[in-house]
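Colleague: Pasting data.cif here (mmCIF, C-alpha atoms and all ligand atoms):
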data_my_file
#
loop_
_atom_site.label_atom_id
_atom_site.label_comp_id
_atom_site.auth_asym_id
_atom_site.auth_seq_id
_atom_site.Cartn_x
_atom_site.Cartn_y
_atom_site.Cartn_z
CA MET A 1 0.00 0.00 0.00
CA ALA A 2 1.50 3.29 -1.04
CA ARG A 3 0.28 6.39 0.68
CA ALA A 4 -0.51 9.56 -1.18
CA GLY A 5 -1.52 12.64 0.66
CA LYS A 6 -3.72 15.41 -0.52
CA VAL A 7 -3.32 18.81 1.03
CA LYS A 8 -5.95 21.46 0.46
CA ILE A 9 -5.03 24.99 1.43
CA ASP A 10 -7.67 27.64 1.94
CA ARG A 11 -5.83 30.56 0.33
CA GLU A 12 -8.05 33.17 1.91
CA ARG A 13 -7.52 31.83 5.47
CA CYS A 14 -3.76 31.45 5.08
CA LYS A 15 -1.69 34.35 6.49
CA GLY A 16 1.61 33.14 5.07
CA CYS A 17 3.11 32.58 8.54
CA ALA A 18 5.21 29.72 7.11
CA LEU A 19 4.94 27.47 10.19
CA CYS A 20 3.81 24.71 7.80
CA SER A 21 6.97 25.07 5.73
CA ALA A 22 9.16 25.18 8.85
CA PHE A 23 7.80 21.81 10.05
CA CYS A 24 7.03 19.95 6.77
CA PRO A 25 9.29 16.84 6.88
CA LYS A 26 9.55 16.86 3.06
CA LYS A 27 10.00 20.64 2.77
CA ILE A 28 7.41 20.82 -0.03
CA ILE A 29 5.02 23.44 1.33
CA LYS A 30 5.97 27.12 1.08
CA PRO A 31 4.42 30.58 0.88
CA SER A 32 3.71 31.31 -2.76
CA GLY A 33 4.49 34.44 -4.77
CA ASP A 34 0.76 35.18 -5.08
CA VAL A 35 -1.15 37.41 -2.73
CA ASN A 36 -4.61 36.72 -1.33
CA SER A 37 -7.21 39.43 -0.77
CA PHE A 38 -5.67 40.32 2.63
CA GLY A 39 -2.25 40.80 1.05
CA TYR A 40 -0.72 37.64 2.49
CA HIS A 41 1.30 35.12 0.49
CA PRO A 42 -0.70 31.90 0.89
CA ALA A 43 1.15 28.61 1.25
CA GLU A 44 1.25 26.18 -1.65
CA VAL A 45 2.50 22.62 -2.06
CA ARG A 46 5.27 22.54 -4.64
CA ASP A 47 5.56 18.80 -5.14
CA LEU A 48 2.33 17.05 -4.23
CA LYS A 49 3.50 13.60 -5.32
CA ASN A 50 6.04 13.63 -2.47
CA CYS A 51 3.38 14.47 0.12
CA THR A 52 2.77 11.58 2.50
CA GLY A 53 -0.31 13.16 4.03
CA CYS A 54 1.37 13.14 7.44
CA GLY A 55 -0.73 16.13 8.52
CA ILE A 56 2.02 18.08 10.28
CA CYS A 57 1.34 21.22 8.22
CA ALA A 58 -2.30 21.17 9.34
CA LEU A 59 -1.32 20.41 12.94
CA VAL A 60 0.87 23.53 13.23
CA CYS A 61 -1.39 25.82 11.16
CA PRO A 62 -2.75 28.54 13.48
CA ASP A 63 -5.53 29.42 11.04
CA VAL A 64 -6.98 25.97 10.36
CA ALA A 65 -6.35 26.74 6.69
CA ILE A 66 -5.19 23.23 5.73
CA ILE A 67 -7.28 20.13 5.18
CA ILE A 68 -5.72 16.74 4.51
CA THR A 69 -7.07 13.64 2.90
CA ARG A 70 -5.07 10.48 2.46
CA LYS A 71 -5.42 8.16 -0.52
CA GLU A 72 -4.55 4.52 0.08
CA GLU A 73 -3.44 2.84 -3.15
CA ALA A 74 -2.62 -0.78 -3.71
CA ALA A 75 1.09 -1.01 -4.57
CA MET B 1 -10.17 5.25 -1.25
CA ALA B 2 -9.72 8.67 0.23
CA ASN B 3 -10.31 9.35 3.89
CA THR B 4 -10.22 12.74 5.47
CA LEU B 5 -7.32 13.02 7.86
CA PHE B 6 -7.59 16.54 9.04
CA VAL B 7 -10.73 18.65 8.96
CA ARG B 8 -11.89 21.79 10.67
CA PRO B 9 -13.48 20.82 14.02
CA GLU B 10 -17.26 21.32 14.06
CA THR B 11 -16.89 23.29 17.28
CA LEU B 12 -15.18 26.12 15.35
CA THR B 13 -17.43 28.57 13.50
CA PRO B 14 -16.45 29.38 9.89
CA ASP B 15 -15.14 32.82 10.95
CA PRO B 16 -11.45 33.34 10.16
CA PHE B 17 -9.33 34.17 13.24
CA HIS B 18 -8.31 37.82 13.56
CA TYR B 19 -4.95 36.86 15.15
CA CYS B 20 -1.59 37.91 13.70
CA PRO B 21 0.19 35.47 11.35
CA GLY B 22 1.73 32.62 13.35
CA CYS B 23 -0.01 33.49 16.65
CA GLY B 24 -0.42 30.51 18.98
CA HIS B 25 -4.00 31.39 19.93
CA GLY B 26 -5.31 29.80 16.72
CA ILE B 27 -3.64 26.46 17.46
CA ILE B 28 -4.92 26.50 21.04
CA HIS B 29 -8.48 27.41 19.94
CA ARG B 30 -8.40 24.46 17.55
CA LEU B 31 -7.17 22.04 20.25
CA VAL B 32 -9.98 23.11 22.59
CA ALA B 33 -12.50 22.70 19.76
CA GLU B 34 -11.19 19.23 18.87
CA VAL B 35 -11.43 18.10 22.49
CA ILE B 36 -14.99 19.42 22.84
CA ASP B 37 -15.93 17.57 19.62
CA GLU B 38 -14.29 14.34 20.80
CA LEU B 39 -15.98 14.47 24.19
CA GLY B 40 -19.32 15.18 22.47
CA VAL B 41 -20.17 18.03 24.82
CA ARG B 42 -20.63 20.94 22.38
CA GLU B 43 -24.30 21.38 23.26
CA THR B 44 -23.54 21.63 26.98
CA THR B 45 -20.34 23.70 26.93
CA ILE B 46 -20.16 27.36 27.97
CA GLY B 47 -16.93 29.30 27.46
CA VAL B 48 -15.87 32.53 29.12
CA ALA B 49 -13.62 34.79 27.06
CA SER B 50 -11.28 37.22 28.81
CA VAL B 51 -9.70 40.54 27.87
CA GLY B 52 -6.66 40.31 25.64
CA CYS B 53 -6.13 39.23 22.05
CA SER B 54 -8.62 36.40 22.63
CA VAL B 55 -11.37 38.83 23.70
CA LEU B 56 -13.26 37.87 20.52
CA ALA B 57 -13.01 34.11 21.16
CA TYR B 58 -16.81 34.02 21.37
CA LYS B 59 -16.89 34.52 17.60
CA TYR B 60 -14.89 31.39 16.96
CA PHE B 61 -16.41 28.76 19.24
CA ASN B 62 -19.67 27.20 18.19
CA PHE B 63 -21.19 26.99 21.68
CA ASP B 64 -22.46 29.51 24.22
CA MET B 65 -19.89 32.10 25.26
CA GLN B 66 -19.77 34.95 27.71
CA GLN B 67 -17.15 37.69 27.67
CA ALA B 68 -15.88 38.75 31.11
CA ALA B 69 -14.35 41.95 32.47
CA HIS B 70 -10.53 41.97 32.57
CA GLY B 71 -9.29 39.20 34.90
CA ARG B 72 -12.76 38.25 36.11
CA ALA B 73 -13.36 35.22 33.89
CA PRO B 74 -12.93 32.69 36.76
CA ALA B 75 -15.53 34.59 38.83
CA VAL B 76 -17.97 34.66 35.89
CA ALA B 77 -17.32 30.96 35.22
CA THR B 78 -17.92 30.22 38.92
CA GLY B 79 -21.36 31.82 38.70
CA ILE B 80 -22.27 29.97 35.51
CA LYS B 81 -21.07 26.59 36.81
CA ARG B 82 -22.85 26.97 40.14
CA VAL B 83 -26.15 27.88 38.48
CA LEU B 84 -25.78 25.27 35.71
CA PRO B 85 -23.70 22.48 37.27
CA ASP B 86 -24.44 20.08 34.40
CA ARG B 87 -22.62 22.30 31.88
CA VAL B 88 -18.97 22.13 30.90
CA VAL B 89 -17.65 25.58 31.81
CA PHE B 90 -14.23 26.92 30.93
CA THR B 91 -12.34 30.20 30.75
CA TYR B 92 -9.78 31.15 28.12
CA GLN B 93 -7.31 33.70 29.53
CA GLY B 94 -3.97 35.26 28.70
CA ASP B 95 -1.15 35.80 31.18
CA GLY B 96 -1.87 39.51 31.52
CA ASP B 97 -5.53 38.82 32.22
CA LEU B 98 -4.96 35.86 34.55
CA ALA B 99 -1.71 36.66 36.30
CA SER B 100 -1.89 40.48 36.64
CA ILE B 101 -5.30 42.05 37.01
CA GLY B 102 -7.02 38.68 37.57
CA LEU B 103 -4.60 37.08 40.01
CA ALA B 104 -7.01 37.23 42.96
CA GLU B 105 -9.86 35.68 40.96
CA ILE B 106 -7.80 32.75 39.70
CA VAL B 107 -6.24 31.98 43.10
CA HIS B 108 -9.59 32.01 44.89
CA ALA B 109 -11.41 30.04 42.18
CA ALA B 110 -8.65 27.42 42.46
CA ALA B 111 -8.70 27.48 46.27
CA ARG B 112 -12.48 27.06 46.31
CA GLY B 113 -12.10 24.08 44.00
CA GLU B 114 -14.57 25.48 41.48
CA LYS B 115 -15.36 22.71 39.01
CA ILE B 116 -14.35 24.72 35.97
CA THR B 117 -11.52 24.42 33.44
CA VAL B 118 -9.08 27.25 32.78
CA ILE B 119 -7.11 27.44 29.54
CA PHE B 120 -4.26 29.79 30.47
CA VAL B 121 -2.22 31.06 27.53
CA ASN B 122 1.23 32.17 28.63
CA ASN B 123 2.94 34.15 25.86
CA ALA B 124 5.22 36.09 28.24
CA ASN B 125 3.73 39.49 27.44
CA TYR B 126 0.55 41.54 26.97
CA GLY B 127 -0.21 40.85 23.33
CA MET B 128 -3.27 42.95 22.65
CA THR B 129 -1.98 46.24 24.01
CA GLY B 130 1.38 46.15 22.25
CA GLY B 131 3.76 43.79 24.03
CA GLN B 132 4.12 45.21 27.54
CA MET B 133 5.80 43.31 30.40
CA ALA B 134 3.57 40.71 32.06
CA PRO B 135 4.06 38.84 35.37
CA THR B 136 5.32 35.98 33.17
CA THR B 137 7.90 38.06 31.25
CA LEU B 138 11.30 36.42 31.70
CA PRO B 139 14.21 38.11 33.50
CA GLY B 140 16.09 40.11 30.88
CA GLN B 141 13.28 39.85 28.31
CA LYS B 142 12.78 43.01 26.28
CA THR B 143 9.24 44.33 26.07
CA THR B 144 7.82 47.77 25.33
CA THR B 145 7.82 48.54 29.08
CA SER B 146 11.17 46.86 29.76
CA PRO B 147 13.15 48.08 26.75
CA ALA B 148 16.47 47.22 28.40
CA GLY B 149 15.18 43.79 29.46
CA ARG B 150 13.15 42.91 32.57
CA SER B 151 15.13 43.93 35.61
CA VAL B 152 14.36 41.70 38.57
CA ASP B 153 15.59 44.42 40.94
CA GLN B 154 12.91 46.74 39.67
CA ALA B 155 10.12 44.44 38.44
CA GLY B 156 10.66 41.29 40.49
CA TYR B 157 10.50 37.74 39.20
CA PRO B 158 8.08 35.98 36.85
CA ILE B 159 5.24 34.02 38.49
CA ARG B 160 5.01 30.29 37.86
CA VAL B 161 1.23 30.08 38.00
CA SER B 162 0.89 26.29 37.64
CA GLU B 163 3.32 25.54 40.45
CA MET B 164 1.76 28.19 42.69
CA LEU B 165 -1.82 26.97 42.23
CA ALA B 166 -0.74 23.35 42.65
CA THR B 167 0.07 24.09 46.31
CA LEU B 168 -3.67 24.57 46.93
CA ASP B 169 -6.06 21.75 47.79
CA GLY B 170 -8.88 22.87 45.46
CA PRO B 171 -7.33 21.95 42.10
CA ALA B 172 -7.79 18.41 40.75
CA TYR B 173 -5.72 18.83 37.60
CA ILE B 174 -2.99 21.33 36.70
CA ALA B 175 -0.55 20.94 33.82
CA ARG B 176 1.83 23.09 31.83
CA VAL B 177 2.20 22.25 28.14
CA SER B 178 3.56 23.98 25.06
CA ILE B 179 2.77 24.19 21.34
CA HIS B 180 6.22 24.95 19.94
CA ASN B 181 6.43 21.78 17.80
CA PRO B 182 4.18 18.94 16.58
CA PRO B 183 4.87 16.45 19.44
CA GLN B 184 4.19 19.18 22.00
CA ILE B 185 0.93 20.09 20.24
CA PHE B 186 -0.21 16.47 20.68
CA LYS B 187 0.75 16.57 24.36
CA ALA B 188 -1.04 19.89 24.81
CA LYS B 189 -4.21 18.42 23.40
CA LYS B 190 -3.95 15.41 25.72
CA ALA B 191 -3.67 17.68 28.75
CA ILE B 192 -6.62 19.82 27.62
CA ARG B 193 -8.64 16.65 27.20
CA LYS B 194 -7.65 15.42 30.65
CA ALA B 195 -8.67 18.74 32.20
CA PHE B 196 -12.14 18.62 30.61
CA GLU B 197 -12.55 14.94 31.55
CA THR B 198 -11.65 15.82 35.13
CA GLN B 199 -14.29 18.55 35.11
CA LEU B 200 -16.84 16.02 33.83
CA ARG B 201 -15.98 13.81 36.83
CA GLY B 202 -16.51 16.86 39.05
CA THR B 203 -13.47 16.37 41.26
CA GLY B 204 -12.24 19.95 41.38
CA PHE B 205 -10.67 22.92 39.64
CA THR B 206 -8.67 22.23 36.47
CA LEU B 207 -6.15 24.39 34.63
CA VAL B 208 -3.89 23.91 31.63
CA GLU B 209 -1.16 26.49 31.15
CA VAL B 210 -0.17 26.57 27.49
CA LEU B 211 3.15 28.20 26.60
CA SER B 212 2.59 30.11 23.40
CA SER B 213 4.28 32.64 21.16
CA CYS B 214 3.61 36.25 20.21
CA PRO B 215 5.65 36.71 17.01
CA THR B 216 4.44 40.27 16.36
CA ASN B 217 5.34 41.71 19.77
CA TRP B 218 8.44 39.57 20.21
CA GLY B 219 9.58 40.90 16.82
CA MET B 220 10.28 37.46 15.37
CA LYS B 221 9.14 35.27 12.52
CA PRO B 222 6.63 32.63 13.73
CA ALA B 223 9.06 29.69 13.47
CA GLU B 224 11.81 31.74 15.18
CA ALA B 225 9.39 32.59 17.97
CA PHE B 226 8.77 28.88 18.64
CA SER B 227 12.56 28.33 18.86
CA TRP B 228 12.83 31.28 21.26
CA LEU B 229 10.04 29.79 23.38
CA GLU B 230 11.79 26.43 23.53
CA LYS B 231 15.17 27.92 24.40
CA ASN B 232 14.05 30.60 26.86
CA MET B 233 10.64 29.79 28.29
CA LEU B 234 11.01 26.04 28.91
CA PRO B 235 13.88 26.41 31.43
CA TYR B 236 11.86 28.88 33.51
CA PHE B 237 8.46 27.23 32.99
CA PRO B 238 9.06 23.46 33.05
CA LEU B 239 6.42 21.35 31.32
CA GLY B 240 4.53 18.60 33.08
CA GLU B 241 1.59 17.77 35.31
CA TYR B 242 1.63 19.60 38.62
CA LYS B 243 -1.55 18.11 39.99
CA ALA B 244 -3.30 14.98 38.75
CA ALA B 245 -5.23 12.04 40.15
CA SER B 246 -2.40 9.77 39.04
CA GLY B 247 0.29 11.85 40.80
CA VAL B 248 2.55 14.49 39.27
CA SER B 249 5.00 13.98 36.45
CA GLN B 250 7.43 16.47 35.03
CA ASP B 251 8.78 16.23 31.53
CA ASP B 252 12.52 16.27 31.12
C1 LIG C 301 -9.43 47.30 33.39
C2 LIG C 301 -8.50 47.22 32.23
N1 LIG C 301 -7.19 47.45 32.40
C3 LIG C 301 -6.34 47.38 31.36
C4 LIG C 301 -6.80 47.07 30.11
C5 LIG C 301 -5.84 47.03 28.95
N2 LIG C 301 -5.56 45.68 28.52
C6 LIG C 301 -6.23 45.11 27.49
S1 LIG C 301 -5.69 43.58 27.13
C7 LIG C 301 -4.50 43.65 28.34
C8 LIG C 301 -3.55 42.52 28.59
C9 LIG C 301 -3.68 41.37 27.65
O1 LIG C 301 -2.65 40.48 27.78
P1 LIG C 301 -2.85 38.94 27.95
O2 LIG C 301 -3.89 38.64 28.96
O3 LIG C 301 -1.50 38.34 28.18
O4 LIG C 301 -3.46 38.42 26.56
P2 LIG C 301 -2.85 38.43 25.09
O5 LIG C 301 -3.33 39.71 24.47
O6 LIG C 301 -1.35 38.34 25.20
O7 LIG C 301 -3.45 37.22 24.43
C10 LIG C 301 -4.55 44.88 29.01
C11 LIG C 301 -3.65 45.25 30.09
C12 LIG C 301 -8.20 46.83 29.95
N3 LIG C 301 -8.72 46.48 28.77
N4 LIG C 301 -9.01 46.91 31.02
#
Represent the supplied structure as structure tokens.
Modeller:
Amino acid sequence: MARAGKVKIDRERCKGCALCSAFCPKKIIKPSGDVNSFGYHPAEVRDLKNCTGCGICALVCPDVAIIITRKEEAA
Amino acid sequence: MANTLFVRPETLTPDPFHYCPGCGHGIIHRLVAEVIDELGVRETTIGVASVGCSVLAYKYFNFDMQQAAHGRAPAVATGIKRVLPDRVVFTYQGDGDLASIGLAEIVHAAARGEKITVIFVNNANYGMTGGQMAPTTLPGQKTTTSPAGRSVDQAGYPIRVSEMLATLDGPAYIARVSIHNPPQIFKAKKAIRKAFETQLRGTGFTLVEVLSSCPTNWGMKPAEAFSWLEKNMLPYFPLGEYKAASGVSQDD
């Protein structure tokens, strides 16, 4: 069973604090170059296929801006 | 097959938090909401918000809330719990609110063994008003009212609230936790859950002190602020259980 994670970021809730990127074990989530309507740089996942769906980004997110689903696939 | 691993707790309203980027209040709100969801007590919970950055907490929790005058949340919670003893009643207070202006209220609520839960957020300063020195500000820590660093000659020493209240007979559960990294966030949630479970058993006063960060007033990036907390606050404010049915245990 391979695990694939799916991270959904609510761009309008994200304040670009970058705690998710500081704690992501794969270092694949980072504030983007875009701005949301509050002027923050919302986080984005750069390399979703490397995401294991571990949930650490959501755990440390102070704005509950991240939702995670995990896909279980037969190897 | 996709299963949802992490969703917004139902106990949080859809309102976005007004807190600064990286502020610990949002994490702590979410932990409280998750515990209330897990215990299935949303319909019977009443929260008391304090004065400080979390003054608007009533907007974010999807249960009944009352907002109290500065420092008086434990007195308000006492009244609510005594009139409605079947409700789960908690206060959510900062260190300025609880340990300065509200010190008498918290000590007496604890000494009386009021069957309430207190979520005490220690971020080592007054966040809302611009980062002034609090009773929990560390020796040498720079704040807007201690620009050269807190001088213990002039301002005395920080108060360790958990240790102090644990000397009383009224409390049934007192713990100090932190949220500076993922394992600590899990531990913090466990302690918050234990406090609410203890209230449900009705054995006494319960308090969880949560060490948190204030990146804006500390003048640090959010991740840097968590490192500062770990390096500077943990030695002065050791984590662990200071009062529990199973005896006390301090983390190393
Ligand atoms: C009677 C009274 N005195 C002083 C104030 C000013 N005041 C507002 S919030 C606050 C302290 C808040 O600090 P804390 O409780 O640590 O919460 P934080 O904002 O850090 O979350 C003070 C002194 C007030 N609102 N009312």
Colleague: Counting all atoms listed in the file, which residues from chain B have an atom at most 8 Å from any atom of chain A, and could you show them as a list in words?
Modeller: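 The answer, sorted by residue number, is Met1, Ala2, Asn3, Thr4, Leu5, Phe6, Val7, Arg8, Pro16, Phe17, Pro21, Gly22, Cys23, Gly24, His25, Gly26, Ile27, Arg30, Asn181, Pro182, Ile185, Lys221, Pro222 and Ala223 of chain B.
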Colleague: Closest to ligand LIG 301 (chain C) among B:Phe186, B:Tyr60, B:Tyr157, B:Tyr126, using only C-alpha atoms and all ligand atoms?
Modeller: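 Looking at the shortest contact to ligand LIG 301 (chain C), the residue is B:Tyr126.
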Colleague: Check every protein, DNA and RNA residue against ligand LIG 301 (chain C), keep those with an atom at most 6 Å away (counting all atoms listed in the file), and present them as a PDB file with C-alpha atoms, keeping the file's coordinate frame.
Modeller:
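Saved to result-v5.pdb:
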ATOM      1  CA  VAL B  51      -9.700  40.540  27.870  1.00  0.00           C
ATOM      2  CA  GLY B  52      -6.660  40.310  25.640  1.00  0.00           C
ATOM      3  CA  CYS B  53      -6.130  39.230  22.050  1.00  0.00           C
ATOM      4  CA  SER B  54      -8.620  36.400  22.630  1.00  0.00           C
ATOM      5  CA  HIS B  70     -10.530  41.970  32.570  1.00  0.00           C
ATOM      6  CA  GLY B  94      -3.970  35.260  28.700  1.00  0.00           C
ATOM      7  CA  ASP B  95      -1.150  35.800  31.180  1.00  0.00           C
ATOM      8  CA  GLY B  96      -1.870  39.510  31.520  1.00  0.00           C
ATOM      9  CA  ASP B  97      -5.530  38.820  32.220  1.00  0.00           C
ATOM     10  CA  ASN B 125       3.730  39.490  27.440  1.00  0.00           C
ATOM     11  CA  TYR B 126       0.550  41.540  26.970  1.00  0.00           C
ATOM     12  CA  GLY B 127      -0.210  40.850  23.330  1.00  0.00           C
ATOM     13  CA  MET B 128      -3.270  42.950  22.650  1.00  0.00           C
ATOM     14  CA  THR B 129      -1.980  46.240  24.010  1.00  0.00           C
TER      15      THR B 129
END
Colleague: What gap, in Å, lies between atom CA of B:Ala57 and atom CA of B:Ala77?
Modeller: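 Computed distance, atom CA of B:Ala57 to atom CA of B:Ala77, equals 15.0 Å.
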Colleague: One decimal, Å: what's the distance from atom CA of B:Leu165 over to atom CA of B:Met65, could you say?
Modeller: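 So the two atoms, atom CA of B:Leu165 and atom CA of B:Met65, lie 25.3 Å apart.
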